[in-house]
Amino acid sequence: MWIPARLDPARPLVVALHGCWQTPEDFALGTRLNAAADARGLVVVYPAQPQRANPYRCWNWFEPAEQTAKGSETAEILAVARHVQDERGVREPKLIVLGFSAGGWMAVNLACAAPESIAGVGALAGGPYQCASGPEAAIQCMRGVQRDGGAPASACAGGRAPGLRVSIWQGAADPVVSAANLTALETMFARLLGVSAGVTGPETGAVHAVYRDGRGVPVLETWLVTGMGHAWSGGDPRGSHTWPPGPPATERMLDFLLRPGAR
């Protein structure tokens with residue numbers, strides 16, 4: 001857990017979900033999240049997936065039970081977050097969830113299964129909700145093969161998630177999670193949020209698009225990072241799965257998800 005020097009109790013608690021083979025400590029180092037959170041007055045919780053639950057420390061996002069708020073992993077993540085909110089006096093009831101790879105898929109699960117608890121999602125190398133119903137199907141999803149075309153957007157959050165804001169990222173050269181998943185996530189969240197025709201802006205080393213709601217508020221952004229494999233864009237090279245030359249994903253995610261006017 002990270003406690004900032006000057007906590008802002010009005011800002012949401014951040015839940016950070018590591019990828020396969022990673023630990024919370026490794027994820028915190030590679031993403032540079034602690035420094036970014038400290039500058040913004042944010043408390044960060046780093047749940048850990050033990051090897052007894054998955055030999056590779058992956059979150060079991062592909063299991064149907066974990067695509068509900070009552071799964072053993074999803075329920076525990078939410079319970080830990082609630083405990084820390086109460087313990088640290090965080091007044092904002094909703095959470096921001098950030099995740100990489102399996103953690104990115106799990107972040108999407110939480111947004112879809114517990115929309116009343118989630119204010120923002122930042123997912124890198126993740127994919128769409130209910131894409132898989134087991135380990136073998138998960139491999140196909142990661143390769144970009146959507147089961148039965150993927151779950152309809154209405155499956156996520158009952159087709160409506162007011163106040164949700166989403167930042168999704170993907171490496172264009174990722175050999176583990178196909179960039180097709182970025183397109184699938186973009187389509188799913190655009191339909192869920194009722195937005196269309198994202199505006200692409202100039203960015204060095206990436207293709208960046210922003211979707212705005214009817215009030216003109218940015219609610220969804222996508223980043224396709226040129227030349228990046230299975231890694232966290234702009235990360236610290238001392239951490240695993242990082243791509244230091246890319247745009248700083250952690251900073252950009254937090255700035256987008258915390259921007260005023262979301263609700």
# chains A, B, ... in the order shown; residues from 1 in each chain; ligands from 1
call {"tool": "select_by_dssp", "arguments": {"residues": "range 51-160 of chain A", "states": "alpha helix (DSSP H)", "output": "ChimeraX atom specification"}}
result
/A:72-88,102-113,135-142
call {"tool": "residues_around", "arguments": {"residues": "Asp38 in chain A", "least_positions_apart": "6", "cutoff": "9 Å", "atoms": "only C-alpha atoms", "output": "list in words"}}
result
Trp2, Ile3, Pro4, Ala5, Arg6 and Leu7 of chain A
call {"tool": "write_last_selection", "arguments": {"atoms": "N, CA and C atoms", "output": "CSV table (one decimal), in the first residue's frame"}}
result
chain,number,residue,atom,x,y,z
A,2,TRP,N,0.4,2.3,-0.7
A,2,TRP,CA,1.1,3.6,-0.7
A,2,TRP,C,0.3,4.6,-0.1
A,3,ILE,N,0.8,5.4,0.9
A,3,ILE,CA,0.1,6.5,1.5
A,3,ILE,C,0.9,7.7,1.2
A,4,PRO,N,0.2,8.7,0.5
A,4,PRO,CA,0.9,9.9,0.1
A,4,PRO,C,1.3,10.8,1.3
A,5,ALA,N,2.3,11.7,1.1
A,5,ALA,CA,2.7,12.6,2.1
A,5,ALA,C,1.5,13.5,2.5
A,6,ARG,N,0.7,13.9,1.5
A,6,ARG,CA,-0.5,14.8,1.8
A,6,ARG,C,-1.7,14.1,1.1
A,7,LEU,N,-2.4,13.4,1.8
A,7,LEU,CA,-3.5,12.7,1.3
A,7,LEU,C,-4.7,13.6,1.0
call {"tool": "atom_distance", "arguments": {"atom1": "CA of Thr204 in chain A", "atom2": "CA of Phe189 in chain A"}}
result
24.7 Å
call {"tool": "residues_around", "arguments": {"residues": "Ala197 in chain A", "least_positions_apart": "3", "cutoff": "10 Å", "atoms": "only C-alpha atoms", "output": "list in words"}}
result
Ala190, Thr200, Ala209, Val210, Tyr211 and Arg212 of chain A
call {"tool": "residues_around", "arguments": {"residues": "range 239-252 of chain A", "least_positions_apart": "6", "cutoff": "6 Å", "atoms": "only C-alpha atoms", "output": "list in words"}}
result
Asp26, Leu29, Gly30, Ala231, Trp232 and Ser233 of chain A
call {"tool": "select_by_dssp", "arguments": {"residues": "range 10-202 of chain A", "states": "strand (DSSP E)", "output": "MDAnalysis selection string"}}
result
chainID A and resid 13:17 44:45 95:100 118:124 165:171 199:201
call {"tool": "residues_around", "arguments": {"residues": "Gly120 in chain A", "least_positions_apart": "4", "cutoff": "10 Å", "atoms": "only C-alpha atoms", "output": "PDB file with C-alpha atoms, in the first residue's frame"}}
result
ATOM      1  CA  PRO A  12     -10.608   8.131  -5.046  1.00  0.00           C
ATOM      2  CA  VAL A  14      -6.488   3.549  -6.488  1.00  0.00           C
ATOM      3  CA  LYS A  94     -15.793   4.933  -5.789  1.00  0.00           C
ATOM      4  CA  LEU A  95     -12.463   3.480  -6.847  1.00  0.00           C
ATOM      5  CA  ILE A  96     -10.001   3.853  -9.690  1.00  0.00           C
ATOM      6  CA  VAL A  97      -8.652   0.479 -10.856  1.00  0.00           C
ATOM      7  CA  LEU A  98      -5.441   0.201 -12.865  1.00  0.00           C
ATOM      8  CA  ALA A 107      -9.845  -4.267 -13.871  1.00  0.00           C
ATOM      9  CA  VAL A 108     -12.361  -4.526 -16.712  1.00  0.00           C
ATOM     10  CA  ALA A 111     -15.861  -2.159 -13.809  1.00  0.00           C
ATOM     11  CA  PRO A 115     -20.110  -0.501 -11.674  1.00  0.00           C
ATOM     12  CA  GLY A 163     -19.835   8.509 -14.353  1.00  0.00           C
ATOM     13  CA  LEU A 164     -17.350   5.890 -15.533  1.00  0.00           C
ATOM     14  CA  ARG A 165     -14.168   7.048 -17.229  1.00  0.00           C
ATOM     15  CA  VAL A 166     -11.815   4.692 -19.094  1.00  0.00           C
ATOM     16  CA  SER A 167      -8.193   4.823 -20.312  1.00  0.00           C
ATOM     17  CA  VAL A 219     -14.895   9.786 -20.900  1.00  0.00           C
ATOM     18  CA  LEU A 220     -12.855   7.304 -22.953  1.00  0.00           C
ATOM     19  CA  MET A 253      -4.068   7.473 -17.030  1.00  0.00           C
ATOM     20  CA  LEU A 254      -4.358   9.255 -13.696  1.00  0.00           C
ATOM     21  CA  PHE A 256      -7.440  11.477 -17.566  1.00  0.00           C
ATOM     22  CA  LEU A 257      -9.328   9.518 -14.911  1.00  0.00           C
ATOM     23  CA  LEU A 258      -9.113  12.313 -12.319  1.00  0.00           C
ATOM     24  CA  ALA A 262     -16.629  13.240 -14.925  1.00  0.00           C
TER      25      ALA A 262
END
call {"tool": "residues_around", "arguments": {"residues": "range 88-90 of chain A", "least_positions_apart": "2", "cutoff": "8 Å", "atoms": "only C-alpha atoms", "output": "list in words"}}
result
Asp8, Pro9, Ala10, Arg11, Pro12, Leu13, Val84, Gln85, Asp86, Glu92 and Pro93 of chain A
call {"tool": "closest_residue", "arguments": {"among": "A:Leu17, A:Ala36, A:Gly201, A:Trp105", "to": "Asn181 in chain A", "atoms": "only C-alpha atoms"}}
result
A:Trp105
call {"tool": "atom_distance", "arguments": {"atom1": "CA of Val195 in chain A", "atom2": "CA of Ser154 in chain A"}}
result
14.2 Å
call {"tool": "atom_distance", "arguments": {"atom1": "CA of Ala123 in chain A", "atom2": "CA of Glu87 in chain A"}}
result
26.6 Å
call {"tool": "residues_around", "arguments": {"residues": "Phe27 in chain A", "least_positions_apart": "4", "cutoff": "12 Å", "atoms": "only C-alpha atoms", "output": "PDB file with C-alpha atoms, in the first residue's frame"}}
result
ATOM      1  CA  MET A   1       0.000   0.000   0.000  1.00  0.00           C
ATOM      2  CA  VAL A  15      -6.421  -0.253  -6.795  1.00  0.00           C
ATOM      3  CA  ALA A  16      -3.376  -1.457  -8.771  1.00  0.00           C
ATOM      4  CA  LEU A  17      -3.484  -4.992 -10.202  1.00  0.00           C
ATOM      5  CA  HIS A  18      -0.223  -6.590 -11.325  1.00  0.00           C
ATOM      6  CA  GLY A  19       0.233  -8.898 -14.308  1.00  0.00           C
ATOM      7  CA  CYS A  20       1.280 -12.550 -14.455  1.00  0.00           C
ATOM      8  CA  TRP A  21       4.604 -13.428 -12.788  1.00  0.00           C
ATOM      9  CA  GLN A  22       4.666  -9.985 -11.175  1.00  0.00           C
ATOM     10  CA  THR A  23       4.436  -8.997  -7.518  1.00  0.00           C
ATOM     11  CA  THR A  31       4.756   1.683 -13.258  1.00  0.00           C
ATOM     12  CA  ARG A  32       6.239   4.498 -11.140  1.00  0.00           C
ATOM     13  CA  LEU A  33       2.780   4.646  -9.580  1.00  0.00           C
ATOM     14  CA  ASN A  34       3.834   5.594  -6.066  1.00  0.00           C
ATOM     15  CA  VAL A  44      -2.840   3.104  -3.617  1.00  0.00           C
ATOM     16  CA  VAL A  45      -3.637  -0.502  -2.729  1.00  0.00           C
ATOM     17  CA  TYR A  46      -1.662  -3.299  -4.403  1.00  0.00           C
ATOM     18  CA  PRO A  47      -3.529  -6.604  -4.006  1.00  0.00           C
ATOM     19  CA  ALA A  48      -1.324  -9.681  -4.461  1.00  0.00           C
ATOM     20  CA  LEU A  98      -5.441   0.201 -12.865  1.00  0.00           C
ATOM     21  CA  GLY A  99      -4.075  -3.054 -14.241  1.00  0.00           C
ATOM     22  CA  PHE A 100      -1.603  -4.667 -16.603  1.00  0.00           C
ATOM     23  CA  SER A 101      -2.266  -7.802 -18.674  1.00  0.00           C
ATOM     24  CA  GLY A 103      -4.575  -7.254 -14.040  1.00  0.00           C
ATOM     25  CA  ALA A 231       4.961  -3.879 -21.419  1.00  0.00           C
ATOM     26  CA  TRP A 232       3.938  -0.818 -19.419  1.00  0.00           C
ATOM     27  CA  GLY A 235       7.775   2.469 -17.125  1.00  0.00           C
ATOM     28  CA  ASP A 236      10.879   2.170 -14.997  1.00  0.00           C
ATOM     29  CA  PRO A 237      13.392  -0.281 -16.548  1.00  0.00           C
ATOM     30  CA  ARG A 238      14.108  -1.717 -13.099  1.00  0.00           C
ATOM     31  CA  GLY A 239      10.624  -3.262 -13.129  1.00  0.00           C
ATOM     32  CA  SER A 240       9.517  -6.162 -15.302  1.00  0.00           C
ATOM     33  CA  HIS A 241       7.481  -5.650 -18.487  1.00  0.00           C
ATOM     34  CA  THR A 242       8.268  -1.975 -19.006  1.00  0.00           C
ATOM     35  CA  THR A 250       0.687   6.012 -15.338  1.00  0.00           C
TER      36      THR A 250
END
call {"tool": "closest_residue", "arguments": {"among": "A:Met188, A:Pro162, A:Gly144, A:Asn60", "to": "Ile118 in chain A", "atoms": "only C-alpha atoms"}}
result
A:Pro162
